[in-house]
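Report on the following structure.
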Amino acid sequence: MMFSSNNFFSRIIHGNPTGPDADSDSMRSRLPISGKGTFPHGIHPPAFKAQTYSKNIRRLSFAPEMILPLSQHFGAPSKPVVRQGQEVTRGDLIAEADGFMSVPLHAPATGVIKKIGLMPTARGPKTEAIVLKVHKGANQMVLHESQQDVNNMVPSEIVKAVQNTGMVGLGGASFPTHVKMSVPKGHKIDTVMVNGCECEPYLTTDHRVMLENSLNLFAGIRLTMRAVGAARAVIGIEDNKQDAIETLRAACPDDGSITVEEMKTKYPQGAEKMMLKALLGREVPSGGFPSAVGVSVYNVATLAQLGALLPRGRGLIERVITVTGPGIEKPGNYLVALGTPLGFLLENLGYQGSASHIILGGPMMGVSVSSMDVPITKGVSGILVLTEEEEAAQIPKQVWPCIKCAECVKACPIHLNPSHLGMLAAQRYYQTMQDDFHLNDCFECGCCSYVCPAGIPLVQYFRIAKALNREAAASEKAN
Amino acid sequence: MKRSDPRLIVRPAPFLKSAMTTQQAMLDVLYALIPVIGVSLWCFGLGAILVLAATVIGALLTERLFSPASQRIPLRMDVSTLVTGLLLGVTLPPALPLWMAFVGGAAAIGLGKLVWGGLGQNLFNPALVGRAFLMAAFPTAMTTWTPYQGPEGLFTVYSSNLAVPLMNSAFDGVTAATPLALIKFQHETPPLYPLLMGNIPGSLGETSGLLILAGGVYLLLRQVIDWRILMGLLGSVAILSGSLYLLDSAHYPNPLTALLSGGLLFGAVFMATDPVTSPITPKGALFFGVGVGFLVVLIRGFGGYPEGVMYAILLMNAATPLIERITQPRAFGRGGDT
């Protein structure tokens, strides 16, 4: 993963640049970028990225025991193909995909399967997981792989190969990548949009991946363009990451097929619908996917990993995460084996046990955990360790009644009316929220809760309302 | 290390919070009111401060006595009720008996807020409900105006201020006509400069256009009030009264006088912009402002009263739920214009 992205390599890949740099600008103009570089509404929380953005990605040692939940992705859980007591090599398939809407799972380290049973997760209920006892002295070379010629694959073969890597969206949604790559019938993809916004405060993994791993990123982008049949790719990066913008611009091919666009720093710029609006001026219809407007969207970390894994036929067994926050002694960006328990990771980075909050993901959309046994899974992009003082500063001291100040209305990127939805939720009109006020368009970015001067936990109301509506719909179906 | 740490708190995202609080927004309104209160002391003397104290005490006492215990905010944090009391107070005439001001403060909180279910639930602006109550109950006292700087300067307290409750409290001093009364009944156009500075007869805090505007600019910068309401209101008054002035300059004031006289600026900055009783939607806020402006010009020009800001705002308050319903923002990805 420690590739540098200097011009030497990019020349090898793209051929020698023939003209001056101005040339690439004229190339870029052939592909009109019709967005404004930003979207209406949204918020500007403090970035908190100074602690880690300049720190190189470093590899961490294996934990003695890895916990690998069978459901680390959106879709059907993987099916184990190993037994208790079985020896596995790093990179081995340990669980296979259960149908198209599922991905396989690979062993992150060489060791023996200790058990397959219920283990804690960040989201709450325990789920089925494979527990791997790592051999002492197991090394981090990948031992199991099978090289494949990706350059001569047809799109359907690429999609299959991507599924075999077990790749999911590494930005946090954990949507299986190969599902995104299989274009629905009747849709035509003209653009691959690559998300390098990283708009969540604190997180710097995408930033580091773009700086340190741009070669793999471009390889991944090319593969994806071929898989979906798109003629161009656009990488969108927020303007607070100028070094990443420069690095990737320098590495862009001269034919203008891949360009880097600077975007305004704003939360949630990295939400795919917001980004699409900002970059291409296209609005994804409510309830639809970006493919409906001819675009396929991927996170930079996802495509960088894919570019590294696919030619070698490897599985996804490790990822880069940012570990940061005032409660940690050695904040930084780390390459971590999937399945590493939180406790082991934090112990290694000088955690003093002083945290009141440990959050998986960013501070806006992450989840706080109650157990140190929760493992790092495919969708975890960061660990945030907040101390009691930090928490005291961020928690509303008192919840006031809504006075309709309209801050949430001005913040909601989906243009909902969170204030009114909140009042309906308090009165339990959950169905009305869904039917008349577009509750299901809410993607839970948390802007409304962030700005609310009354300290009303609006987005939590909406999560509960959605869950109850889902339950009601399910029980109605059952009857 | 212990595997499950009992000190770990599990809480829903987001884990960040902007610094703005309701308390701070209310304090901002209070700060914006301070110059207005200062000018009422300067123009009308100590009596003005006593009237303000009476409305504030009436408001706070009612809140203490009648709000449900579960919703009650500690007295030292109850800036909202304090602001309601002050907002009512500065719309009252200087010679008003204190007991009436007290009743007004109680009505503002009791009828304007608590009967609706407390903070954030009321349909009408509480301070204006209090004022409308007083207007109906004590029409003479509410329309008796005293001249700028009373007989004893800063220490002026009118005998009617100290009248015994429910006894005859006829004002026995020198009265004066407000600029709007001059326009309406004498067809005189008052000079502009005093309207800005505040050395004219009128309600306690409505006389100095300049200081009200200063408060408005502060609240706009702090993003406590919506510019759409303010601009919609002032803009529609300017345009409508300007058209009337062009049609008949003998009967109608020029638009600048219309903007600066009476309670218009005060109502626009401090009353119409009350978030609870104005539409939450951006389009709705503009519509609301324009509506208030239209009604003000209508009442002033064609109604029986010289001033109509209070009724204009109350009427538009009543229309707020309707305006909100028809101006719901278009959700992302649902077609049409944003």
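Chain lettering (A, B, ...) mirrors the order of the structure tokens, residue numbering begins at 1 for each chain separately, and ligand numbering begins at 1 in order of display.
Close contacts of Ile113 of chain A, defined as residues with an atom at most 9 Å away when counting only C-alpha atoms, with chain neighbours fewer than 3 positions off set aside, comprise Val82, Arg83, Gln84, Gly85, Gln86, Glu87, Val88, Ile116, Ile130, Val131, Leu132, Lys133 and Val134 of chain A.
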Item checked: Counting only C-alpha atoms, chain A residues within 7 Å of chain B, as a PyMOL selection string -> chain A and resi 283-286+343+355-357+363-373+394-395+401-406+414-416+446+449-451+453-454+460
Those residues with N, CA, C and O atoms, as a short mmCIF file (atom, residue, chain, number, x, y, z; two decimals), in the first residue's frame please?
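Writing done, so here's out29.cif:
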data_model
loop_
_atom_site.label_atom_id
_atom_site.label_comp_id
_atom_site.auth_asym_id
_atom_site.auth_seq_id
_atom_site.Cartn_x
_atom_site.Cartn_y
_atom_site.Cartn_z
N GLU A 283 -29.51 15.90 -10.63
CA GLU A 283 -30.21 15.59 -9.39
C GLU A 283 -30.78 14.18 -9.47
O GLU A 283 -31.62 13.91 -10.33
N VAL A 284 -30.32 13.33 -8.59
CA VAL A 284 -30.82 11.95 -8.56
C VAL A 284 -32.26 11.98 -8.07
O VAL A 284 -32.55 12.57 -7.03
N PRO A 285 -33.19 11.36 -8.80
CA PRO A 285 -34.58 11.37 -8.35
C PRO A 285 -34.72 10.71 -6.98
O PRO A 285 -33.96 9.80 -6.65
N SER A 286 -35.70 11.19 -6.22
CA SER A 286 -35.93 10.65 -4.88
C SER A 286 -36.10 9.13 -4.93
O SER A 286 -36.84 8.60 -5.75
N GLY A 343 -10.19 -2.96 21.16
CA GLY A 343 -9.36 -2.92 22.36
C GLY A 343 -7.89 -3.05 22.03
O GLY A 343 -7.05 -2.26 22.49
N ALA A 355 -11.55 7.55 27.75
CA ALA A 355 -12.59 8.01 26.85
C ALA A 355 -13.97 7.82 27.45
O ALA A 355 -14.21 6.89 28.22
N SER A 356 -14.88 8.71 27.07
CA SER A 356 -16.27 8.47 27.43
C SER A 356 -17.03 8.04 26.18
O SER A 356 -18.12 7.54 26.26
N HIS A 357 -16.41 8.27 25.04
CA HIS A 357 -17.04 7.96 23.77
C HIS A 357 -16.01 7.34 22.85
O HIS A 357 -14.96 7.94 22.63
N PRO A 363 -17.61 11.84 13.23
CA PRO A 363 -18.46 12.35 14.31
C PRO A 363 -19.87 12.72 13.87
O PRO A 363 -20.75 12.88 14.70
N MET A 364 -20.10 12.84 12.55
CA MET A 364 -21.44 13.22 12.11
C MET A 364 -22.34 12.01 11.88
O MET A 364 -23.53 12.06 12.14
N MET A 365 -21.79 10.93 11.34
CA MET A 365 -22.63 9.78 11.01
C MET A 365 -22.15 8.48 11.65
O MET A 365 -22.69 7.41 11.36
N GLY A 366 -21.12 8.52 12.49
CA GLY A 366 -20.57 7.31 13.08
C GLY A 366 -21.47 6.74 14.17
O GLY A 366 -22.53 7.27 14.47
N VAL A 367 -21.02 5.59 14.74
CA VAL A 367 -21.76 5.00 15.85
C VAL A 367 -20.84 4.87 17.06
O VAL A 367 -19.67 4.54 16.91
N SER A 368 -21.37 5.16 18.26
CA SER A 368 -20.53 4.98 19.44
C SER A 368 -20.69 3.56 19.94
O SER A 368 -21.78 2.99 19.87
N VAL A 369 -19.60 2.97 20.43
CA VAL A 369 -19.62 1.56 20.79
C VAL A 369 -19.57 1.39 22.31
O VAL A 369 -19.12 2.28 23.03
N SER A 370 -20.04 0.24 22.77
CA SER A 370 -20.08 -0.01 24.21
C SER A 370 -19.07 -1.07 24.60
O SER A 370 -18.84 -1.30 25.77
N SER A 371 -18.44 -1.72 23.62
CA SER A 371 -17.55 -2.84 23.96
C SER A 371 -16.25 -2.72 23.19
O SER A 371 -16.22 -2.34 22.02
N MET A 372 -15.16 -3.08 23.84
CA MET A 372 -13.84 -3.05 23.21
C MET A 372 -13.65 -4.26 22.30
O MET A 372 -12.63 -4.39 21.64
N ASP A 373 -14.62 -5.19 22.29
CA ASP A 373 -14.52 -6.38 21.45
C ASP A 373 -15.03 -6.13 20.04
O ASP A 373 -14.91 -6.99 19.18
N GLN A 394 -19.74 19.17 23.60
CA GLN A 394 -20.52 18.90 22.40
C GLN A 394 -21.96 18.48 22.68
O GLN A 394 -22.75 18.36 21.78
N ILE A 395 -22.27 18.21 23.94
CA ILE A 395 -23.62 17.75 24.23
C ILE A 395 -24.48 18.93 24.68
O ILE A 395 -24.05 19.72 25.50
N PRO A 401 -37.79 23.57 23.86
CA PRO A 401 -38.81 23.33 22.84
C PRO A 401 -38.38 23.98 21.52
O PRO A 401 -37.63 24.95 21.53
N CYS A 402 -38.87 23.44 20.41
CA CYS A 402 -38.56 24.02 19.10
C CYS A 402 -39.23 25.39 19.00
O CYS A 402 -40.41 25.54 19.30
N ILE A 403 -38.47 26.41 18.62
CA ILE A 403 -39.08 27.72 18.40
C ILE A 403 -39.10 28.06 16.92
O ILE A 403 -39.22 29.22 16.55
N LYS A 404 -38.96 27.04 16.07
CA LYS A 404 -39.05 27.22 14.62
C LYS A 404 -38.07 28.27 14.09
O LYS A 404 -38.42 29.10 13.26
N CYS A 405 -36.84 28.21 14.57
CA CYS A 405 -35.85 29.20 14.17
C CYS A 405 -35.41 28.98 12.73
O CYS A 405 -34.76 29.83 12.15
N ALA A 406 -35.72 27.82 12.16
CA ALA A 406 -35.44 27.52 10.74
C ALA A 406 -33.98 27.19 10.44
O ALA A 406 -33.60 27.07 9.29
N ILE A 414 -31.29 17.93 1.81
CA ILE A 414 -32.37 17.33 1.01
C ILE A 414 -33.58 18.29 0.95
O ILE A 414 -34.58 18.00 0.34
N HIS A 415 -33.47 19.44 1.61
CA HIS A 415 -34.54 20.43 1.61
C HIS A 415 -35.81 19.89 2.24
O HIS A 415 -36.91 20.12 1.74
N LEU A 416 -35.65 19.14 3.32
CA LEU A 416 -36.83 18.73 4.08
C LEU A 416 -37.11 19.82 5.11
O LEU A 416 -36.41 20.82 5.19
N GLY A 446 -27.26 14.26 9.72
CA GLY A 446 -27.10 14.85 11.05
C GLY A 446 -26.96 16.37 11.06
O GLY A 446 -26.77 16.95 12.12
N SER A 449 -29.52 18.03 13.55
CA SER A 449 -29.17 17.93 14.96
C SER A 449 -27.98 18.84 15.29
O SER A 449 -27.92 19.43 16.36
N TYR A 450 -27.04 18.94 14.34
CA TYR A 450 -25.85 19.76 14.56
C TYR A 450 -26.22 21.22 14.77
O TYR A 450 -25.73 21.88 15.68
N VAL A 451 -27.12 21.75 13.94
CA VAL A 451 -27.41 23.17 14.03
C VAL A 451 -28.47 23.50 15.08
O VAL A 451 -28.53 24.65 15.54
N PRO A 453 -30.44 24.88 17.76
CA PRO A 453 -30.06 25.61 18.96
C PRO A 453 -30.80 25.09 20.19
O PRO A 453 -30.36 25.30 21.32
N ALA A 454 -31.91 24.42 19.96
CA ALA A 454 -32.68 23.90 21.09
C ALA A 454 -32.12 22.55 21.56
O ALA A 454 -32.55 22.02 22.57
N GLN A 460 -32.08 11.58 15.23
CA GLN A 460 -32.40 10.36 15.96
C GLN A 460 -33.90 10.09 15.93
O GLN A 460 -34.33 8.95 15.80
#
Margin query: Between B:Gly202, B:Gly153, B:Pro190, B:Gly215, which residue has the minimum interatomic distance to Tyr31 of chain B, considering only C-alpha atoms?
Written below: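 Checking each of B:Gly202, B:Gly153, B:Pro190, B:Gly215 against Tyr31 of chain B, counting only C-alpha atoms, the winner is B:Gly215.
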Per-residue DSSP, segment 193-234 of chain B, filtered to alpha helix (DSSP H), as an mmCIF file with C-alpha atoms, in the first residue's frame:
data_model
loop_
_atom_site.group_PDB
_atom_site.id
_atom_site.type_symbol
_atom_site.label_atom_id
_atom_site.label_comp_id
_atom_site.auth_asym_id
_atom_site.auth_seq_id
_atom_site.Cartn_x
_atom_site.Cartn_y
_atom_site.Cartn_z
ATOM 1 C CA TYR B 193 -35.129 63.754 11.489
ATOM 2 C CA PRO B 194 -36.985 63.393 14.841
ATOM 3 C CA LEU B 195 -38.432 60.091 13.586
ATOM 4 C CA LEU B 196 -34.896 58.795 13.379
ATOM 5 C CA MET B 197 -33.685 60.236 16.669
ATOM 6 C CA GLY B 209 -35.788 54.556 14.152
ATOM 7 C CA LEU B 210 -31.999 54.656 14.229
ATOM 8 C CA LEU B 211 -31.540 52.568 17.375
ATOM 9 C CA ILE B 212 -34.183 50.059 16.281
ATOM 10 C CA LEU B 213 -32.363 49.655 12.987
ATOM 11 C CA ALA B 214 -29.077 49.189 14.865
ATOM 12 C CA GLY B 215 -30.706 46.372 16.840
ATOM 13 C CA GLY B 216 -32.036 44.943 13.588
ATOM 14 C CA VAL B 217 -28.610 44.953 11.977
ATOM 15 C CA TYR B 218 -27.157 43.191 15.033
ATOM 16 C CA LEU B 219 -29.863 40.520 14.925
ATOM 17 C CA LEU B 220 -29.388 40.062 11.183
ATOM 18 C CA LEU B 221 -25.637 39.644 11.612
ATOM 19 C CA TRP B 227 -33.917 38.976 6.490
ATOM 20 C CA ARG B 228 -36.751 37.810 4.246
ATOM 21 C CA ILE B 229 -39.401 38.892 6.740
ATOM 22 C CA LEU B 230 -37.681 42.212 7.407
ATOM 23 C CA MET B 231 -37.050 43.052 3.762
ATOM 24 C CA GLY B 232 -40.425 41.747 2.596
ATOM 25 C CA LEU B 233 -42.174 43.918 5.158
ATOM 26 C CA LEU B 234 -40.180 47.119 4.665
#
